[in-house]
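> Contents of my_file-v8.txt (compact mmCIF, C-alpha atoms):
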# COMPACT_ATOMS: atom_id res chain seq x y z
CA MET A 1 -25.29 -7.44 5.31
CA SER A 2 -29.04 -7.69 5.62
CA PHE A 3 -31.11 -7.55 8.75
CA LEU A 4 -32.18 -11.16 8.21
CA ASP A 5 -28.58 -12.37 7.95
CA ARG A 6 -27.84 -10.70 11.24
CA LEU A 7 -30.99 -12.11 12.82
CA PHE A 8 -29.88 -15.63 11.93
CA GLY A 9 -26.43 -15.03 13.32
CA LYS A 10 -24.55 -15.01 10.02
CA LYS A 11 -21.10 -13.49 10.42
CA ALA A 12 -20.54 -10.08 8.79
CA SER A 13 -18.50 -10.42 5.60
CA ALA A 14 -16.02 -7.75 6.71
CA ASP A 15 -15.30 -9.83 9.84
CA SER A 16 -14.63 -12.94 7.73
CA ALA A 17 -12.36 -10.88 5.48
CA LYS A 18 -10.36 -9.62 8.44
CA GLU A 19 -10.02 -13.01 10.11
CA ARG A 20 -8.98 -14.70 6.87
CA LEU A 21 -6.48 -11.96 6.12
CA GLN A 22 -4.99 -12.17 9.61
CA LEU A 23 -4.16 -15.84 9.04
CA VAL A 24 -3.00 -15.51 5.45
CA LEU A 25 -0.72 -12.55 6.27
CA ILE A 26 0.97 -14.49 9.06
CA HIS A 27 1.72 -17.30 6.64
CA ASP A 28 2.86 -14.90 3.90
CA ARG A 29 5.15 -13.04 6.28
CA THR A 30 6.70 -16.10 7.93
CA ASN A 31 6.55 -18.70 5.15
CA LEU A 32 5.06 -21.04 7.76
CA THR A 33 2.12 -23.11 6.53
CA PRO A 34 -0.28 -24.69 9.05
CA ALA A 35 1.25 -28.09 8.19
CA GLU A 36 4.75 -26.81 8.93
CA LEU A 37 3.53 -25.34 12.18
CA ASP A 38 2.15 -28.78 13.12
CA SER A 39 5.43 -30.48 12.36
CA LEU A 40 7.27 -27.80 14.36
CA ARG A 41 4.90 -28.56 17.23
CA ASP A 42 5.68 -32.29 17.06
CA ASP A 43 9.43 -31.60 17.02
CA LEU A 44 9.08 -29.31 20.02
CA ILE A 45 7.13 -31.96 21.96
CA ALA A 46 9.74 -34.63 21.18
CA THR A 47 12.67 -32.42 22.17
CA ILE A 48 11.19 -31.04 25.37
CA SER A 49 9.83 -34.43 26.45
CA ARG A 50 13.39 -35.78 26.55
CA HIS A 51 14.07 -33.39 29.44
CA VAL A 52 10.80 -32.86 31.22
CA GLU A 53 7.31 -34.32 31.16
CA ILE A 54 4.83 -31.92 29.56
CA ASP A 55 1.07 -31.75 29.28
CA VAL A 56 0.68 -32.24 25.52
CA GLN A 57 -3.10 -31.79 25.62
CA ALA A 58 -2.89 -28.34 27.17
CA MET A 59 0.04 -27.16 25.05
CA ARG A 60 -0.55 -24.21 22.69
CA ILE A 61 1.69 -22.95 19.91
CA GLY A 62 1.00 -20.20 17.40
CA VAL A 63 2.29 -17.13 15.61
CA GLU A 64 1.32 -13.76 17.04
CA HIS A 65 1.99 -10.38 15.52
CA ASP A 66 3.01 -7.13 17.09
CA GLY A 67 2.85 -4.43 14.44
CA ARG A 68 4.72 -5.86 11.46
CA SER A 69 6.88 -8.32 13.39
CA GLN A 70 5.86 -11.89 14.08
CA ARG A 71 6.72 -14.04 17.06
CA LEU A 72 6.34 -17.71 17.66
CA VAL A 73 4.56 -18.16 20.98
CA ALA A 74 4.46 -21.51 22.74
CA ASP A 75 2.72 -22.17 26.04
CA ILE A 76 3.82 -25.58 27.31
CA PRO A 77 2.59 -26.67 30.75
CA ILE A 78 5.02 -28.93 32.65
CA LYS A 79 3.53 -31.76 34.67
CA SER A 80 4.39 -31.39 38.31
CA ALA A 81 7.03 -33.83 39.57
CA ALA A 82 5.22 -34.41 42.88
CA ARG A 83 1.97 -35.36 41.17
CA ARG A 84 3.88 -37.66 38.85
CA ARG A 85 5.47 -39.47 41.77
CA ALA A 86 2.10 -39.83 43.48
CA LYS A 87 0.61 -41.29 40.35
CA LYS A 88 3.44 -43.80 39.97
CA SER A 89 3.21 -45.07 43.53
CA LYS A 90 -0.52 -45.79 43.15
CA MET B 1 15.41 22.48 -1.77
CA PRO B 2 15.84 19.36 -3.93
CA ALA B 3 12.76 17.44 -5.02
CA GLN B 4 11.00 14.88 -2.86
CA VAL B 5 10.80 11.69 -4.92
CA LEU B 6 7.63 9.67 -4.25
CA THR B 7 6.72 6.32 -5.77
CA ILE B 8 3.13 5.07 -5.75
CA THR B 9 2.87 1.28 -5.86
CA SER B 10 0.38 -1.43 -4.87
CA GLY B 11 1.29 -4.98 -5.78
CA LYS B 12 -2.15 -5.71 -7.18
CA GLY B 13 -3.25 -4.04 -10.41
CA GLY B 14 -6.32 -1.85 -10.77
CA VAL B 15 -6.42 -0.40 -7.25
CA GLY B 16 -5.83 3.19 -8.41
CA LYS B 17 -2.07 3.86 -8.70
CA THR B 18 -2.28 5.91 -11.88
CA THR B 19 -5.34 7.81 -10.69
CA ALA B 20 -3.55 8.60 -7.43
CA VAL B 21 -0.39 9.82 -9.20
CA ALA B 22 -2.40 12.06 -11.56
CA ASN B 23 -4.47 13.51 -8.73
CA LEU B 24 -1.58 14.08 -6.34
CA ALA B 25 0.37 15.72 -9.19
CA VAL B 26 -2.54 18.05 -9.98
CA ALA B 27 -3.16 18.82 -6.29
CA LEU B 28 0.52 19.56 -5.59
CA ALA B 29 0.96 21.67 -8.75
CA SER B 30 -2.30 23.59 -8.10
CA ASP B 31 -0.83 24.46 -4.72
CA GLY B 32 2.24 26.05 -6.29
CA SER B 33 4.73 23.16 -6.34
CA LYS B 34 6.82 22.25 -9.37
CA VAL B 35 5.93 18.65 -10.17
CA VAL B 36 7.18 16.03 -12.62
CA CYS B 37 5.33 12.75 -12.88
CA ILE B 38 6.86 9.72 -14.51
CA ASP B 39 4.88 6.83 -15.96
CA GLY B 40 6.90 3.78 -14.92
CA ASP B 41 4.64 1.26 -16.59
CA ILE B 42 6.66 0.57 -19.75
CA GLY B 43 4.53 -1.11 -22.40
CA LEU B 44 1.24 -0.19 -20.70
CA ARG B 45 1.30 3.61 -20.86
CA ASN B 46 -1.71 5.18 -19.09
CA LEU B 47 -0.81 8.22 -17.03
CA ASP B 48 -0.95 10.33 -20.23
CA VAL B 49 -4.66 9.60 -20.85
CA ILE B 50 -5.61 10.14 -17.21
CA LEU B 51 -3.92 13.56 -17.36
CA GLY B 52 -5.42 14.28 -20.82
CA LEU B 53 -1.98 14.66 -22.45
CA GLU B 54 -2.04 11.68 -24.82
CA ASN B 55 -1.99 13.84 -27.96
CA ARG B 56 1.14 15.73 -27.00
CA ILE B 57 3.60 12.87 -26.71
CA VAL B 58 6.65 13.07 -28.97
CA TYR B 59 9.37 11.37 -26.93
CA ASP B 60 9.16 8.94 -24.02
CA ILE B 61 11.29 7.75 -21.12
CA VAL B 62 13.10 5.09 -23.17
CA ASP B 63 14.06 7.76 -25.76
CA VAL B 64 15.69 9.72 -22.92
CA ILE B 65 17.50 6.70 -21.52
CA GLU B 66 18.75 5.58 -24.93
CA GLY B 67 19.90 9.10 -25.82
CA ARG B 68 17.49 9.87 -28.67
CA CYS B 69 16.37 13.08 -26.97
CA ARG B 70 17.26 15.30 -24.05
CA LEU B 71 15.34 14.85 -20.77
CA ARG B 72 13.59 18.24 -21.15
CA GLN B 73 12.35 17.29 -24.63
CA ALA B 74 10.48 14.30 -23.26
CA MET B 75 8.77 16.35 -20.53
CA ILE B 76 5.23 17.29 -21.56
CA ARG B 77 3.87 20.43 -19.97
CA ASP B 78 0.30 20.14 -18.61
CA LYS B 79 -2.52 22.01 -20.37
CA HIS B 80 -3.71 23.85 -17.27
CA LEU B 81 -0.85 23.83 -14.81
CA PRO B 82 2.39 25.33 -16.16
CA GLU B 83 4.44 23.78 -13.34
CA LEU B 84 3.26 20.22 -13.97
CA TYR B 85 5.13 17.90 -16.34
CA LEU B 86 4.73 14.31 -17.50
CA ILE B 87 7.44 11.94 -18.67
CA PRO B 88 5.46 9.26 -20.54
CA ALA B 89 6.21 5.55 -20.59
CA ALA B 90 7.25 3.91 -23.85
CA GLN B 91 4.36 2.04 -25.37
CA THR B 92 6.22 -0.22 -27.77
CA ARG B 93 9.05 -1.39 -25.57
CA ASP B 94 9.29 -3.96 -22.80
CA LYS B 95 10.06 -3.15 -19.19
CA ASN B 96 13.66 -4.36 -19.52
CA ALA B 97 14.49 -1.28 -21.60
CA VAL B 98 14.92 0.57 -18.28
CA SER B 99 17.12 -0.40 -15.29
CA PRO B 100 17.16 0.87 -11.70
CA SER B 101 20.42 2.72 -12.38
CA ASP B 102 18.85 4.43 -15.43
CA MET B 103 16.09 5.64 -13.13
CA ASN B 104 18.59 6.84 -10.55
CA ARG B 105 20.43 8.90 -13.19
CA LEU B 106 17.24 10.39 -14.60
CA ILE B 107 15.90 11.36 -11.16
CA LYS B 108 19.25 12.86 -10.19
CA ASP B 109 18.90 15.22 -13.18
CA LEU B 110 15.39 16.26 -12.10
CA ARG B 111 15.97 16.68 -8.37
CA PRO B 112 17.51 20.19 -8.31
CA ASP B 113 14.81 21.86 -10.43
CA TYR B 114 11.52 20.55 -9.03
CA ASP B 115 9.70 20.16 -5.72
CA PHE B 116 8.14 16.75 -6.31
CA VAL B 117 8.85 13.84 -8.61
CA LEU B 118 5.98 11.31 -8.61
CA ILE B 119 6.63 7.87 -10.07
CA ASP B 120 3.74 5.65 -11.14
CA SER B 121 4.83 2.05 -10.56
CA PRO B 122 3.50 -0.84 -12.62
CA ALA B 123 1.58 -3.60 -10.79
CA GLY B 124 3.55 -6.60 -9.56
CA ILE B 125 6.92 -6.94 -7.85
CA GLU B 126 9.11 -7.44 -10.96
CA ARG B 127 11.61 -5.29 -12.81
CA GLY B 128 9.22 -2.36 -13.44
CA PHE B 129 8.45 -2.16 -9.71
CA ARG B 130 12.18 -2.31 -8.88
CA ASN B 131 12.81 0.54 -11.33
CA ALA B 132 10.01 2.59 -9.81
CA ILE B 133 11.26 2.31 -6.21
CA ALA B 134 15.00 2.61 -7.01
CA ALA B 135 15.21 6.38 -6.57
CA ALA B 136 12.26 6.91 -4.21
CA ASP B 137 12.70 8.91 -1.02
CA ARG B 138 9.34 7.71 0.13
CA VAL B 139 7.01 4.99 -1.11
CA LEU B 140 3.24 5.33 -0.95
CA VAL B 141 1.44 2.00 -1.05
CA ILE B 142 -2.13 2.19 -2.29
CA THR B 143 -4.73 -0.48 -1.60
CA ASN B 144 -8.49 -1.08 -1.65
CA PRO B 145 -10.37 -2.40 1.40
CA GLU B 146 -10.59 -5.83 -0.19
CA VAL B 147 -8.83 -9.13 0.59
CA SER B 148 -6.59 -9.55 -2.47
CA ALA B 149 -5.50 -5.90 -2.57
CA VAL B 150 -4.65 -5.90 1.16
CA ARG B 151 -2.72 -9.14 0.86
CA ASP B 152 -0.65 -7.82 -2.06
CA ALA B 153 -0.07 -4.52 -0.27
CA ASP B 154 1.35 -6.50 2.65
CA ARG B 155 3.77 -8.32 0.32
CA VAL B 156 4.94 -5.03 -1.16
CA ILE B 157 5.35 -3.44 2.28
CA GLY B 158 7.43 -6.48 3.29
CA ILE B 159 9.69 -6.06 0.26
CA LEU B 160 10.10 -2.33 0.95
CA GLU B 161 11.10 -3.17 4.53
CA ALA B 162 13.62 -5.74 3.31
CA GLU B 163 15.05 -3.20 0.83
CA GLU B 164 15.28 -0.64 3.65
CA LYS B 165 13.23 1.88 1.70
CA GLY B 166 12.01 3.49 4.93
CA PRO B 167 8.51 3.11 6.31
CA ALA B 168 5.80 2.98 3.63
CA ALA B 169 2.79 5.28 3.87
CA LEU B 170 -0.63 3.85 3.06
CA ILE B 171 -3.44 5.22 0.89
CA ILE B 172 -6.74 3.36 1.26
CA ASN B 173 -8.60 3.94 -2.00
CA ARG B 174 -12.24 3.33 -2.98
CA LEU B 175 -13.58 2.97 0.51
CA ASN B 176 -17.36 2.72 0.46
CA PRO B 177 -18.71 4.18 3.75
CA THR B 178 -22.13 2.54 3.35
CA LEU B 179 -20.64 -0.92 2.90
CA VAL B 180 -18.33 -0.31 5.87
CA LYS B 181 -21.28 0.75 7.99
CA ASN B 182 -23.09 -2.49 7.08
CA HIS B 183 -19.98 -4.52 7.94
CA ASP B 184 -19.65 -5.60 4.33
CA MET B 185 -16.33 -3.89 3.70
CA LEU B 186 -13.11 -3.77 5.70
CA SER B 187 -12.94 -0.42 7.51
CA ALA B 188 -9.89 1.83 7.39
CA ASP B 189 -9.20 0.70 10.99
CA ASP B 190 -9.30 -2.95 9.91
CA VAL B 191 -6.84 -2.35 7.06
CA LEU B 192 -4.48 -0.41 9.32
CA ASP B 193 -4.70 -3.14 11.94
CA LEU B 194 -3.71 -5.74 9.35
CA LEU B 195 -0.94 -3.82 7.60
CA ALA B 196 0.45 -1.88 10.59
CA VAL B 197 1.85 1.04 8.61
CA GLU B 198 1.38 4.79 8.69
CA LEU B 199 -1.81 6.07 7.01
CA ILE B 200 -1.53 9.07 4.68
CA GLY B 201 -4.99 9.10 3.15
CA ILE B 202 -8.42 7.53 2.77
CA VAL B 203 -10.14 8.11 -0.57
CA PRO B 204 -13.86 7.34 -0.71
CA GLU B 205 -15.36 5.56 -3.69
CA ASP B 206 -16.66 8.30 -5.97
CA GLU B 207 -18.18 8.06 -9.45
CA ASN B 208 -16.61 11.43 -10.28
CA VAL B 209 -13.26 9.63 -10.56
CA ILE B 210 -14.50 7.78 -13.66
CA ILE B 211 -16.20 10.87 -15.09
CA SER B 212 -12.96 12.84 -14.64
CA SER B 213 -10.80 10.22 -16.28
CA ASN B 214 -13.23 10.12 -19.21
CA ARG B 215 -12.47 13.80 -19.71
CA GLY B 216 -8.75 13.61 -18.97
CA ALA B 217 -9.05 16.10 -16.11
CA PRO B 218 -8.24 14.46 -12.74
CA VAL B 219 -10.87 14.66 -10.01
CA ALA B 220 -8.56 16.79 -7.84
CA TYR B 221 -9.72 19.76 -9.97
CA ASP B 222 -13.32 19.09 -8.88
CA MET B 223 -13.90 21.10 -5.72
CA LYS B 224 -17.19 19.30 -5.01
CA SER B 225 -15.86 15.74 -5.24
CA ARG B 226 -15.12 13.85 -2.01
CA ALA B 227 -12.40 11.84 -3.71
CA GLY B 228 -10.90 15.06 -5.08
CA GLN B 229 -10.91 16.51 -1.55
CA ALA B 230 -9.22 13.37 -0.22
CA PHE B 231 -6.43 13.63 -2.82
CA ARG B 232 -5.96 17.34 -2.11
CA ASN B 233 -5.65 16.48 1.59
CA ILE B 234 -2.98 13.85 0.87
CA ALA B 235 -1.05 16.44 -1.17
CA ARG B 236 -1.09 18.81 1.81
CA ARG B 237 0.11 16.02 4.12
CA LEU B 238 2.97 15.36 1.69
CA LYS B 239 3.95 18.99 2.16
CA GLY B 240 4.10 18.39 5.91
CA GLU B 241 0.77 19.91 6.90
CA GLN B 242 -1.38 18.29 9.58
CA VAL B 243 -4.74 17.66 7.91
CA PRO B 244 -7.44 15.65 9.70
CA PHE B 245 -8.78 12.62 7.83
CA LEU B 246 -12.19 12.98 6.18
CA ASP B 247 -14.91 11.82 8.52
CA LEU B 248 -16.41 9.12 6.31
CA ASP B 249 -18.31 7.04 8.82
CA HIS B 250 -18.99 9.84 11.29
CA LYS B 251 -17.21 7.95 14.05
CA GLY B 252 -13.92 9.78 13.83
CA SER B 253 -12.20 6.63 15.01
CA VAL B 254 -9.52 6.60 12.33
CA TRP B 255 -7.65 9.54 13.74
CA ASP B 256 -7.59 7.93 17.21
CA ARG B 257 -6.16 4.84 15.61
CA ILE B 258 -3.37 6.81 13.91
CA GLN B 259 -2.45 8.48 17.15
CA ARG B 260 -2.28 5.12 18.85
CA LEU B 261 -0.08 3.76 16.06
CA ALA B 262 2.17 6.80 16.22
CA GLY B 263 2.40 6.62 20.01
CA ARG B 264 3.57 3.03 19.87
CA LYS B 265 6.54 3.80 17.62
Rewrite the coordinates I just gave you, this time as structure tokens.


Amino acid sequence: MSFLDRLFGKKASADSAKERLQLVLIHDRTNLTPAELDSLRDDLIATISRHVEIDVQAMRIGVEHDGRSQRLVADIPIKSAARRRAKKSK
Amino acid sequence: MPAQVLTITSGKGGVGKTTAVANLAVALASDGSKVVCIDGDIGLRNLDVILGLENRIVYDIVDVIEGRCRLRQAMIRDKHLPELYLIPAAQTRDKNAVSPSDMNRLIKDLRPDYDFVLIDSPAGIERGFRNAIAAADRVLVITNPEVSAVRDADRVIGILEAEEKGPAALIINRLNPTLVKNHDMLSADDVLDLLAVELIGIVPEDENVIISSNRGAPVAYDMKSRAGQAFRNIARRLKGEQVPFLDLDHKGSVWDRIQRLAGRK
């Protein structure tokens, strides 16, 4: 990549290649498309919400890889019961 | 000791499978090993021209399998290396003329008499690829530092895992150190990071590869060629020697990376 490209903050093409491959390999290896991941996320929210109140805005779900194995990682913050009670009584 | 059977495959076409087989065969045979290479690309025969043996073909692999000749009759002895043989692919037949069990039988016949059997797989993940990996003790996956080649390599590595073919070893071919330095090509580290397999060689892009194939004398004969050196190094690693990777970007970071990968296993 040229000096000018770098000066204007254009991303190196090798970096784009790596980032794009990281995503595409996860989908190839798991057969999970971004749309399926979204629908999985919605299902998870519905199921968990039946038992406990969660902070949907702060929830994160994604596929991470460790070597050649993939894992589904979900970070789902639970709203504190005390704060919920306080809110209700207001 | 019975032969080590190695298959070179890639998923994507045109990344250098045939070139790698020819060069590893030459490097191993130059180093005193008895080597047979098999062109597994039925219908698209090419290993013969890369080795410069195209004028000597009488019988091919399908003739052996269908009983028209004995195995030894189809083996073409190399012009320069008396311990190097080629079993050519059939040019006029389709890939269904050979089955994985045919390959197993043929390799079983070769095993006791040679040190290495190298099988050149066709591109893709169809029948020809299945034939090529059927009898392999070890599969070498070759790729280029380029998005489509890396993606296809990952697919092939996944299939090899599912088939329990043992861990694949990776050859990164046609790496251009200048492009890597300018961040315009995936580095060897990047490719290893993505594919998470063992590395067995990095071959730099080298115009001598084309010049050598024009002449039908693989670049591994050329003592001045960087690519030739890289292939000779892979051959030594296949024999169990510890050979450091060529320092292509003068950072020496690849070796560190391998050690980290190995340490995590």

> Please identify all polymer residues within 12 Å of B:Glu161, counting only C-alpha atoms, omitting same-chain residues fewer than 3 positions from it, and present them as a VMD selection string.

(chain A and resid 29 68 to 69) or (chain B and resid 138 to 139 154 to 158 164 to 169 197)

> Have a look at atom CA of B:Val180 and atom CA of B:Lys12 and let me know their distance in Å, one decimal.

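Interatomic distance, atom CA of B:Val180 to atom CA of B:Lys12: 21.5 Å.
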
> Padding 6 Å on every side, please: axis-aligned box over the listed atoms of stretch 38-45 of chain B, centre and edge lengths to one decimal in Å, as lines of an AutoDock Vina configuration file.


center_x = 4.1
center_y = 4.3
center_z = -18.5
size_x = 17.7
size_y = 22.8
size_z = 19.9

> So which residues fall inside 6 Å of (0.5, 2.8, -6.2) if we count only C-alpha atoms? Mind giving them as a VMD selection string?

chain B and resid 8 to 10 17 141 to 142

> Counting only C-alpha atoms, figure out which residue out of B:Val98, B:Ala25, B:Val62, B:Leu186 gets nearest to B:Ser148.

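Between B:Val98, B:Ala25, B:Val62, B:Leu186, the residue approaching B:Ser148 most closely is B:Leu186.
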
> Mind listing as a PyMOL selection string which residues of chain B are within 7 Å of chain A, counting all atoms listed in the file?

chain B and resi 147+151+182-186+190+194+196

> I'd like to know which of B:Leu81, B:Val36, B:Ile211, B:Leu199 is closest to B:Ser225, using all atoms listed in the file.

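Of B:Leu81, B:Val36, B:Ile211, B:Leu199, the one nearest B:Ser225, counting all atoms listed in the file, is B:Ile211.
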
> Just checking: using all atoms listed in the file, which residue out of B:Thr19, B:Glu241, B:Ala227, B:Tyr114 ends up closest to B:Asn214?

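The answer is B:Thr19, which sits nearest to B:Asn214.
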
> Given the choices B:Val58, B:Leu175, B:Ala217, B:Ile234, which gets closest to B:Ile87 if the distance is worked out from only C-alpha atoms?

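Among B:Val58, B:Leu175, B:Ala217, B:Ile234, it is B:Val58 that comes nearest to B:Ile87.
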
> May I have the residues within 12 Å of B:Ser99 as a ChimeraX atom specification, using all atoms listed in the file and disregarding those fewer than 5 positions away in the same chain?

/B:40,42,61-62,65-66,94,104-106,126-135

> Which of these, A:Ala81, A:Ile76, A:Leu44, A:Leu32, has the shortest distance to A:Val63 once you count only C-alpha atoms?

A:Leu32

> Atom CA of B:Asp113 to atom CA of B:Ala136: how many Å, to one decimal?

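Answer for the atom CA of B:Asp113 to atom CA of B:Ala136 separation: 16.4 Å.
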
> What is the atom CA of B:Lys34-atom CA of B:Leu160 distance in Å, reported with one decimal?

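Computing the Euclidean distance for atom CA of B:Lys34 and atom CA of B:Leu160 yields 26.9 Å.
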
> Let me make sure I understand: among A:His27, A:His51, A:Arg60, A:Arg41, which one has the smallest atom-to-atom distance to A:Asp75 if we use all atoms listed in the file?

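Between A:His27, A:His51, A:Arg60, A:Arg41, the residue approaching A:Asp75 most closely is A:Arg60.
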
> When you look at B:Leu110 with a cut-off of 10 Å (counting all atoms listed in the file), what residues show up, excluding the ones that are within fewer than 2 positions of it in the same chain? I need them as a list in words.

Pro2, Ala3, Val5, Val35, Val36, Leu71, Arg72, Arg105, Leu106, Ile107, Lys108, Pro112, Asp113, Tyr114, Asp115, Phe116 and Val117 of chain B

> Print the selection's residues with C-alpha atoms to a file, as a tab-separated table (two decimals), in the frame of the given file.


chain	number	residue	atom	x	y	z
B	2	PRO	CA	15.84	19.36	-3.93
B	3	ALA	CA	12.76	17.44	-5.02
B	5	VAL	CA	10.80	11.69	-4.92
B	35	VAL	CA	5.93	18.65	-10.17
B	36	VAL	CA	7.18	16.03	-12.62
B	71	LEU	CA	15.34	14.85	-20.77
B	72	ARG	CA	13.59	18.24	-21.15
B	105	ARG	CA	20.43	8.90	-13.19
B	106	LEU	CA	17.24	10.39	-14.60
B	107	ILE	CA	15.90	11.36	-11.16
B	108	LYS	CA	19.25	12.86	-10.19
B	112	PRO	CA	17.51	20.19	-8.31
B	113	ASP	CA	14.81	21.86	-10.43
B	114	TYR	CA	11.52	20.55	-9.03
B	115	ASP	CA	9.70	20.16	-5.72
B	116	PHE	CA	8.14	16.75	-6.31
B	117	VAL	CA	8.85	13.84	-8.61
